[in-house]
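Notes for the one structure printed next.
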Amino acid sequence: MRKYKCLFWDFDGTIVDSFEGCSFAFGKVFEHYGLNIPPEDRKQYIGPPLKDTFTEMFGEAVEPEARELYREFYINQGGQKMCKLFDGMENVLAQIKSFGYKMYIATSKREDIATEMLKEFGVLKCFDGVFGTVESKGRVDKKDILAYAVKCSGSKLDDCLMIGDSIYDARAAKEVGIDCLAVAYGFGNVENMSKIGTILTLDTPEQLVSVFDN
C-alpha cells in the first residue's frame with residue numbers, strides 16, 4: 001500500500017460501535033410506524049443518511065417526522081449513551097496519529113453530535129477536524145461531506161484515503177477521487193464495497209496500526 005498523508009475516517013461502524021444505540025432508536029421509529037424489524041436486521045440502516053433511509057421506507061412526506069423521532073430516541077432517550085468505541089480503538093487512533101498522519105472524521109452523522117461523542121470518548125484530540133451532516137449548509141450526502149473535508153484539509157487527492165465500513169464510504173471516495181480502505185468489523189458489506197473499489201480490507205481495528213506504520 002502506498003503512503004498516504006491524510007486519513008478520513010467514517011464514524012459509525014468504523015470507530016464507534018453504535019449498533020446498540022442506533023438499533024434502539026431505529027426500533028422505536030419502526031414500532032411507531034407499525035413495522036416489525038428485528039435487531040439482527042437493523043445493521044443495514046446504520047451509516048447511511050437518515051434522510052435517504054426514511055425517504056425510501058416512508059416517503060418524502062413522512063421522512064422529516066421519522067427523522068425527528070429517531071433523533072429524539074437517539075439523543076434524548078438514551079440511544080447515544082449506548083454507543084462505545086470498538087475495543088482497542090482509542091489506542092489504535094493514538095498510535096496512527098503518532099505516525100504523523102493528518103486525520104479527519106467524514107461521517108453522515110450530524111457534525112455536532114459526532115464531535116460531542118468523540119470528546120466524550122476521549123479521542124477528539126486525535127483528529128484535525130470533524131466533518132458531518134450540516135443541513136443548514138447543504139452538507140447531507142456523504143460525497144458532499146467528504147469532498148468538503150478533503151477541500152478543508154488542503155491536501156492533494158493522491159495523499160488522501162477514506163477508511164470506512166459501508167458502500168456509502170466506497171462510493172463517496174470514488175466520486176471524490178480518493179482511495180478507500182474497507183473494515184470488515186463494522187456494519188456494512190465489504191464485498192459490495194470491493195465492487196465499487198477498495199485498496200484493502202481489514203478484519204480488526206488492530207490491523208490498522210500495522211498497515212499505517214510505514
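To be explicit about the labels: the chains of the C-alpha cells are called A, B, and onward in the order shown, and within each one the residues are counted from 1, while ligands get numbers from 1 in the order they are shown.
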Range 141-154 of chain A environment, 6 Å, only C-alpha atoms, sequence neighbours closer than 5 positions dropped, as a ChimeraX atom specification = /A:106,108,172,176
Please produce a file of the residues just selected, as a PDB file, in the first residue's frame, where the atoms kept are N, CA, C and O atoms.
```
ATOM      1  N   ALA A 106     -15.142  11.972   8.573  1.00  0.00           N
ATOM      2  CA  ALA A 106     -16.077  12.287   7.488  1.00  0.00           C
ATOM      3  C   ALA A 106     -17.259  11.335   7.650  1.00  0.00           C
ATOM      4  O   ALA A 106     -17.170  10.156   7.295  1.00  0.00           O
ATOM      5  N   SER A 108     -21.783  10.698   7.973  1.00  0.00           N
ATOM      6  CA  SER A 108     -23.141  11.162   7.696  1.00  0.00           C
ATOM      7  C   SER A 108     -23.868  11.553   8.978  1.00  0.00           C
ATOM      8  O   SER A 108     -24.966  12.116   8.919  1.00  0.00           O
ATOM      9  N   ALA A 172     -18.569   7.322  -1.996  1.00  0.00           N
ATOM     10  CA  ALA A 172     -18.165   8.717  -1.811  1.00  0.00           C
ATOM     11  C   ALA A 172     -16.706   8.914  -2.185  1.00  0.00           C
ATOM     12  O   ALA A 172     -16.352   9.896  -2.844  1.00  0.00           O
ATOM     13  N   VAL A 176     -15.360  11.358  -5.126  1.00  0.00           N
ATOM     14  CA  VAL A 176     -14.476  12.471  -4.792  1.00  0.00           C
ATOM     15  C   VAL A 176     -13.123  12.320  -5.482  1.00  0.00           C
ATOM     16  O   VAL A 176     -12.454  13.316  -5.789  1.00  0.00           O
TER      17      VAL A 176
END
```
Among the residues of chain A, find those DSSP assigns to alpha helix (DSSP H) from the backbone and print them as a ChimeraX atom specification.
-> /A:19-32,50-58,63-71,89-98,111-121,142-153,167-176,190-196,205-212
Backbone-only DSSP, strand (DSSP E) members of range 4-206 of chain A, as a ChimeraX atom specification = /A:6-9,16-17,84-85,102-110,129-133,160-164,179-183,200-202
With C-alpha atoms retained, could you export that selection as a short mmCIF file (atom, residue, chain, number, x, y, z; two decimals), in the first residue's frame?
```cif
data_model
loop_
_atom_site.label_atom_id
_atom_site.label_comp_id
_atom_site.auth_asym_id
_atom_site.auth_seq_id
_atom_site.Cartn_x
_atom_site.Cartn_y
_atom_site.Cartn_z
CA CYS A 6 -4.40 12.33 5.21
CA LEU A 7 -6.82 9.77 6.61
CA PHE A 8 -10.57 10.39 6.53
CA TRP A 9 -12.43 8.16 8.97
CA VAL A 16 -17.70 3.65 17.10
CA ASP A 17 -19.69 0.52 17.81
CA LYS A 84 -18.98 2.92 22.58
CA LEU A 85 -15.62 2.82 20.84
CA LYS A 102 -3.41 14.25 9.45
CA MET A 103 -6.70 12.67 10.50
CA TYR A 104 -10.28 13.78 9.94
CA ILE A 105 -13.77 12.44 10.54
CA ALA A 106 -16.08 12.29 7.49
CA THR A 107 -19.47 10.98 8.59
CA SER A 108 -23.14 11.16 7.70
CA LYS A 109 -23.86 11.65 11.39
CA ARG A 110 -24.76 15.20 12.39
CA GLY A 129 -11.18 18.20 12.01
CA VAL A 130 -14.65 16.68 12.22
CA PHE A 131 -16.96 16.86 9.20
CA GLY A 132 -20.51 15.57 9.20
CA THR A 133 -24.04 16.41 8.18
CA CYS A 160 -5.96 11.11 0.87
CA LEU A 161 -7.53 7.84 2.00
CA MET A 162 -11.09 7.13 3.17
CA ILE A 163 -11.50 4.45 5.87
CA GLY A 164 -14.99 3.05 6.27
CA ASP A 179 -8.82 5.71 -2.40
CA CYS A 180 -10.88 3.74 0.13
CA LEU A 181 -9.89 1.13 2.70
CA ALA A 182 -12.64 -1.19 3.98
CA VAL A 183 -13.02 -2.51 7.54
CA LEU A 200 -7.58 -3.27 1.09
CA THR A 201 -9.93 -4.93 3.59
CA LEU A 202 -9.01 -5.32 7.26
#
```
May I ask which of the residues A:Asp112, A:Phe99, A:Phe58, A:Glu20 is the closest one to Gly34 in chain A, counting only C-alpha atoms?
-> A:Phe58
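Distances here use only C-alpha atoms; by that measure, the residue among A:Lys51, A:Glu31, A:Tyr185, A:Lys137 closest to Gln207 in chain A is A:Tyr185.
Between Gly177 in chain A and the candidates A:Ile196, A:Ala114, A:Leu157, A:Leu69, the tightest atom-to-atom separation, counting only C-alpha atoms, involves A:Leu157.
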So how many Å separate CA of Glu40 in chain A and CA of Met193 in chain A, to one decimal?
->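 We find that CA of Glu40 in chain A and CA of Met193 in chain A lie 20.8 Å from each other.
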Counting only C-alpha atoms, figure out which residue out of A:Tyr101, A:Tyr74, A:Phe187, A:Phe54 gets nearest to Asp169 in chain A.
->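 Distance minimum relative to Asp169 in chain A lands on A:Phe187.
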From the set A:Asp158, A:Asp41, A:Glu111, A:Glu60, which residue has the shortest atom-to-atom contact distance to Val134 in chain A, counting only C-alpha atoms?
->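 So, comparing all the options, the nearest one is A:Glu111.
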What does the distance between CA of Pro38 in chain A and CA of Cys22 in chain A come to in Å, to one decimal place?
->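 We find that CA of Pro38 in chain A and CA of Cys22 in chain A lie 12.8 Å from each other.
Using only C-alpha atoms, the protein and nucleic acid residues lying no more than 8 Å from Phe19 in chain A, apart from those fewer than 5 places from it along its own chain, are Gly13, Lys43, Ile46 and Cys83 of chain A.
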Print the selection's residues with N, CA, C and O atoms to a file, as an mmCIF file, in the first residue's frame.
```cif
data_model
loop_
_atom_site.group_PDB
_atom_site.id
_atom_site.type_symbol
_atom_site.label_atom_id
_atom_site.label_comp_id
_atom_site.auth_asym_id
_atom_site.auth_seq_id
_atom_site.Cartn_x
_atom_site.Cartn_y
_atom_site.Cartn_z
ATOM 1 N N GLY A 13 -19.554 2.299 12.884
ATOM 2 C CA GLY A 13 -19.118 1.064 12.254
ATOM 3 C C GLY A 13 -17.650 1.032 11.901
ATOM 4 O O GLY A 13 -17.142 -0.009 11.482
ATOM 5 N N LYS A 43 -28.691 -3.641 11.004
ATOM 6 C CA LYS A 43 -27.350 -3.154 10.703
ATOM 7 C C LYS A 43 -27.313 -2.357 9.404
ATOM 8 O O LYS A 43 -26.552 -1.400 9.271
ATOM 9 N N ILE A 46 -27.583 1.464 9.635
ATOM 10 C CA ILE A 46 -26.615 2.255 10.380
ATOM 11 C C ILE A 46 -25.520 2.745 9.445
ATOM 12 O O ILE A 46 -24.811 1.953 8.830
ATOM 13 N N CYS A 83 -23.730 3.826 22.860
ATOM 14 C CA CYS A 83 -22.640 3.662 21.912
ATOM 15 C C CYS A 83 -21.288 3.634 22.637
ATOM 16 O O CYS A 83 -21.141 4.183 23.717
#
```
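One finds CA of Ala25 in chain A at 5.4 Å from CA of Tyr70 in chain A.
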Close residues, Arg67 in chain A itself excluded, 10 Å, only C-alpha atoms, min 5 positions apart in chain, as an mmCIF file with C-alpha atoms, in the first residue's frame:
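The resulting part_38.cif:
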```
data_model
loop_
_atom_site.group_PDB
_atom_site.id
_atom_site.type_symbol
_atom_site.label_atom_id
_atom_site.label_comp_id
_atom_site.auth_asym_id
_atom_site.auth_seq_id
_atom_site.Cartn_x
_atom_site.Cartn_y
_atom_site.Cartn_z
ATOM 1 C CA PHE A 26 -34.484 2.662 14.756
ATOM 2 C CA VAL A 29 -39.231 4.501 14.833
ATOM 3 C CA PRO A 49 -28.021 9.319 5.824
ATOM 4 C CA LEU A 50 -31.253 9.154 7.822
ATOM 5 C CA LYS A 51 -32.972 11.243 5.176
ATOM 6 C CA THR A 53 -33.277 5.731 4.696
ATOM 7 C CA PHE A 54 -36.571 7.184 5.852
ATOM 8 C CA THR A 55 -37.495 8.606 2.455
ATOM 9 C CA VAL A 62 -43.232 11.296 6.321
ATOM 10 C CA GLU A 72 -35.492 12.070 19.908
#
```
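Using only C-alpha atoms, the nearest neighbour of Glu175 in chain A within the list A:Val190, A:Gly197, A:Met57, A:Ile37 is A:Gly197.
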